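Asker: Pasting a structure here, questions to come.
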Amino acid sequence: MRKISLMIFGLSLFAFSHGEGKGEVVLKKPPESLKKYYPPHSEKFEFLSNMHTMSTAFYAVQLNINDENWEKAVEWAKKLVETYKKTSEMVPEWKDYFDFKKADNYLKAVESRNVDRVIKASRELGKTCAKCHQDNEIAVKIYYHFPNFEEVKVEDPIEFTEMKLGDFMKKLTNSLKVTNIYLSQGNITSAQEHGINFVERARALKETCSKCHTKEAEIEVITGKDYDKALSALENLFNAEKPNPNEIKKNLSKVTVTCYTCHNVHLIPAKIKSALGK
């Protein structure tokens, strides 16, 4: 019996869903009706759950056909089509992405026990899913699965005022810039003053991160012992009577590696989410 190539077929759908060869990604704010399936409106993630159900069912059909277990393949195909149709009703703005005729043809193909028909029908049905993913998946993941940093507040230890995280990050960055500028100009006294401000703000930032990153292992990866050690070294250097500029630069670079790592994880998605929300 001819078998369905699970890996190759899966990759072909992946290519469809990410707009292979187009060289651009256009993100649109998710429709209003979708929000009722995500926190804070719902903790059940009903829409996402349906996506997982359909993905599993789609793969299960192929798996069982390869095992020559057509009865189970039909069961999974029915589950897939049933979920597909229910999902189409959840977000009316996306109804045009769904094609019931292709879904029914898919089920009939599996029921016919004809592998060639299944492959053809699978590709046709898969394209409807892939088109929706291509247009919406990235935006939805960022909009609903990424933390909202605009709601995070930080107590600035220098100005003793509470401010938004974005405003605090600007002050932290400026403290670092001013410190580096004065160091490069040989103005050690001014570098010390602003360097201490940077250290205090960098410590306050760690406390902010720990509000979400509550597991010790998570904290250790980004702002762990190496981060604390570098900040302590900088504090001692900035308070020294004759600080060593080279040692200051060396420890500053250790801290900025943490900044770079965190930005790689959080900064771009945060900017995208902010833009989608406007």
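Labels used: A, B, ... for chains in the order of the structure tokens, numbers from 1 for residues in each chain, and numbers from 1 for ligands as shown.
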Using backbone DSSP assignments, extract all alpha helix (DSSP H) residues from region 94-207 of chain A; output them as a compact mmCIF listing (two decimals) with C-alpha atoms, in the first residue's frame.
Answerer:
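Now in result33.txt:
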```txt
# COMPACT_ATOMS: atom_id res chain seq x y z
CA PHE A 100 -16.57 23.38 4.23
CA LYS A 101 -16.59 21.75 0.81
CA LYS A 102 -12.88 20.99 1.08
CA ALA A 103 -13.38 19.72 4.63
CA ASP A 104 -16.17 17.37 3.49
CA ASN A 105 -14.09 16.21 0.53
CA TYR A 106 -11.29 15.42 2.94
CA LEU A 107 -13.52 13.23 5.09
CA LYS A 108 -14.92 11.46 2.01
CA ALA A 109 -11.39 10.82 0.77
CA VAL A 110 -10.42 9.14 4.04
CA GLU A 111 -13.63 7.13 4.03
CA SER A 112 -12.84 5.97 0.47
CA VAL A 115 -4.41 7.16 -0.45
CA ASP A 116 -4.11 9.32 -3.55
CA ARG A 117 -7.47 10.92 -2.83
CA VAL A 118 -6.46 11.54 0.78
CA ILE A 119 -3.20 13.21 -0.25
CA LYS A 120 -4.98 15.50 -2.70
CA ALA A 121 -7.79 16.37 -0.29
CA SER A 122 -5.32 16.88 2.56
CA ARG A 123 -3.33 19.38 0.55
CA GLU A 124 -6.46 21.29 -0.43
CA LEU A 125 -7.79 21.43 3.12
CA GLY A 126 -4.34 22.18 4.51
CA LYS A 127 -4.06 25.24 2.28
CA THR A 128 -7.09 26.81 3.97
CA CYS A 129 -5.45 26.38 7.36
CA ALA A 130 -2.10 27.57 6.08
CA LYS A 131 -3.56 30.74 4.56
CA CYS A 132 -5.08 31.73 7.88
CA HIS A 133 -1.83 30.93 9.69
CA GLN A 134 0.16 32.94 7.18
CA ASP A 135 -2.05 35.99 7.67
CA ASN A 136 -2.71 35.79 11.42
CA GLU A 137 -0.62 33.33 13.43
CA ILE A 138 2.33 35.57 14.31
CA ALA A 139 0.14 38.52 15.27
CA VAL A 140 -2.10 36.34 17.45
CA LYS A 141 0.82 34.71 19.24
CA ILE A 142 2.39 38.07 20.04
CA TYR A 143 -0.85 39.84 20.90
CA TYR A 144 -2.30 37.16 23.18
CA HIS A 145 0.66 35.11 24.38
CA LEU A 165 8.95 50.23 32.32
CA GLY A 166 9.70 51.90 28.97
CA ASP A 167 10.49 55.22 30.66
CA PHE A 168 12.63 53.48 33.24
CA MET A 169 14.57 51.62 30.55
CA LYS A 170 15.39 54.94 28.89
CA LYS A 171 16.81 56.26 32.15
CA LEU A 172 18.77 53.06 32.69
CA THR A 173 20.17 53.24 29.16
CA ASN A 174 21.03 56.93 29.52
CA SER A 175 22.88 56.23 32.77
CA LEU A 176 24.98 53.67 30.92
CA LYS A 177 25.61 56.00 27.98
CA VAL A 178 26.65 58.91 30.18
CA THR A 179 28.98 56.65 32.16
CA ASN A 180 30.68 55.41 28.99
CA ILE A 181 30.94 58.92 27.55
CA TYR A 182 32.67 60.30 30.64
CA LEU A 183 34.96 57.29 30.81
CA SER A 184 36.03 57.80 27.20
CA ILE A 188 36.40 59.72 36.03
CA THR A 189 34.58 61.72 38.71
CA SER A 190 31.48 62.23 36.53
CA ALA A 191 31.70 58.62 35.34
CA GLN A 192 31.62 57.47 38.96
CA GLU A 193 28.53 59.54 39.76
CA HIS A 194 26.50 58.27 36.82
CA GLY A 195 27.95 54.78 37.13
CA ILE A 196 26.50 54.42 40.62
CA ASN A 197 23.12 55.50 39.22
CA PHE A 198 23.42 52.81 36.55
CA VAL A 199 24.20 50.11 39.12
CA GLU A 200 21.22 51.06 41.27
CA ARG A 201 18.89 51.09 38.29
CA ALA A 202 20.25 47.77 37.00
CA ARG A 203 19.46 46.20 40.38
CA ALA A 204 15.96 47.66 40.36
CA LEU A 205 15.43 46.16 36.92
CA LYS A 206 16.31 42.70 38.22
CA GLU A 207 13.65 43.04 40.89
```
Asker: Restricting the calculation to only C-alpha atoms: of A:Lys225, A:Lys28, A:His41, A:Lys85, which residue gets closest to Met54 (chain A)?
Answerer: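 Looking at the shortest contact to Met54 (chain A), the residue is A:Lys85.
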Asker: Neighbours of Lys250 (chain A) within 10 Å (only C-alpha atoms; same-chain residues fewer than 4 positions away dropped), as a PyMOL selection string?
Answerer: chain A and resi 230+234+245-246+254-255
Asker: Please return, as a list of chain:residue names, all residues of region 136-166 of chain A that DSSP assigns to strand (DSSP E) on the basis of the backbone.
Answerer: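 Those in region 136-166 of chain A that DSSP calls strand (DSSP E) are A:Lys153, A:Val154, A:Glu155, A:Asp156, A:Thr161, A:Glu162, A:Met163, A:Lys164.
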Asker: With N, CA, C and O atoms retained, export the selected residues as a PDB file, in the first residue's frame.
Answerer:
```pdb
ATOM      1  N   LYS A 153       5.163  48.645  36.050  1.00  0.00           N
ATOM      2  CA  LYS A 153       5.663  49.880  36.661  1.00  0.00           C
ATOM      3  C   LYS A 153       6.936  49.578  37.465  1.00  0.00           C
ATOM      4  O   LYS A 153       7.067  48.498  38.046  1.00  0.00           O
ATOM      5  N   VAL A 154       7.841  50.558  37.492  1.00  0.00           N
ATOM      6  CA  VAL A 154       9.113  50.396  38.196  1.00  0.00           C
ATOM      7  C   VAL A 154       9.344  51.601  39.100  1.00  0.00           C
ATOM      8  O   VAL A 154       9.093  52.745  38.697  1.00  0.00           O
ATOM      9  N   GLU A 155       9.837  51.337  40.296  1.00  0.00           N
ATOM     10  CA  GLU A 155      10.216  52.412  41.214  1.00  0.00           C
ATOM     11  C   GLU A 155      11.669  52.776  40.932  1.00  0.00           C
ATOM     12  O   GLU A 155      12.576  51.982  41.166  1.00  0.00           O
ATOM     13  N   ASP A 156      11.882  53.975  40.398  1.00  0.00           N
ATOM     14  CA  ASP A 156      13.239  54.398  40.078  1.00  0.00           C
ATOM     15  C   ASP A 156      13.984  54.725  41.371  1.00  0.00           C
ATOM     16  O   ASP A 156      13.571  55.618  42.120  1.00  0.00           O
ATOM     17  N   THR A 161      10.564  57.803  42.073  1.00  0.00           N
ATOM     18  CA  THR A 161       9.233  57.924  41.489  1.00  0.00           C
ATOM     19  C   THR A 161       8.899  56.648  40.732  1.00  0.00           C
ATOM     20  O   THR A 161       9.782  55.990  40.189  1.00  0.00           O
ATOM     21  N   GLU A 162       7.610  56.321  40.715  1.00  0.00           N
ATOM     22  CA  GLU A 162       7.164  55.155  39.959  1.00  0.00           C
ATOM     23  C   GLU A 162       6.910  55.568  38.510  1.00  0.00           C
ATOM     24  O   GLU A 162       6.315  56.612  38.246  1.00  0.00           O
ATOM     25  N   MET A 163       7.370  54.752  37.589  1.00  0.00           N
ATOM     26  CA  MET A 163       7.212  55.080  36.168  1.00  0.00           C
ATOM     27  C   MET A 163       7.002  53.814  35.356  1.00  0.00           C
ATOM     28  O   MET A 163       7.235  52.702  35.828  1.00  0.00           O
ATOM     29  N   LYS A 164       6.567  53.991  34.117  1.00  0.00           N
ATOM     30  CA  LYS A 164       6.388  52.863  33.216  1.00  0.00           C
ATOM     31  C   LYS A 164       7.741  52.240  32.896  1.00  0.00           C
ATOM     32  O   LYS A 164       8.768  52.929  32.891  1.00  0.00           O
TER      33      LYS A 164
END
```
Asker: Given the choices A:Leu252, A:Ala77, A:Val257, A:Val26, which gets closest to Thr53 (chain A) if the distance is worked out from only C-alpha atoms?
Answerer: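 With only C-alpha atoms as the atom set, the closest residue is A:Ala77.
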Asker: Could you state the separation of CA of Val25 (chain A) and CA of Ile272 (chain A) in Å, given to one decimal place?
Answerer: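 According to the coordinates, CA of Val25 (chain A) and CA of Ile272 (chain A) are separated by 12.1 Å.
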Asker: Write out as a ChimeraX atom specification each polymer residue whose atoms come within 10 Å of His266 (chain A), counting only C-alpha atoms; drop sequence neighbours fewer than 3 positions from it.
Answerer: /A:146-147,149,261-263,269-271
Asker: Please, what distance in Å, to one decimal, runs between CA of Gly186 (chain A) and CA of Ala233 (chain A)?
Answerer: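 Distance reported for this atom pair: 19.9 Å.
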Asker: Closest to Trp70 (chain A) among A:Lys86, A:Lys35, A:His52, A:Arg113, using only C-alpha atoms?
Answerer: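 Among A:Lys86, A:Lys35, A:His52, A:Arg113, it is A:Arg113 that comes nearest to Trp70 (chain A).
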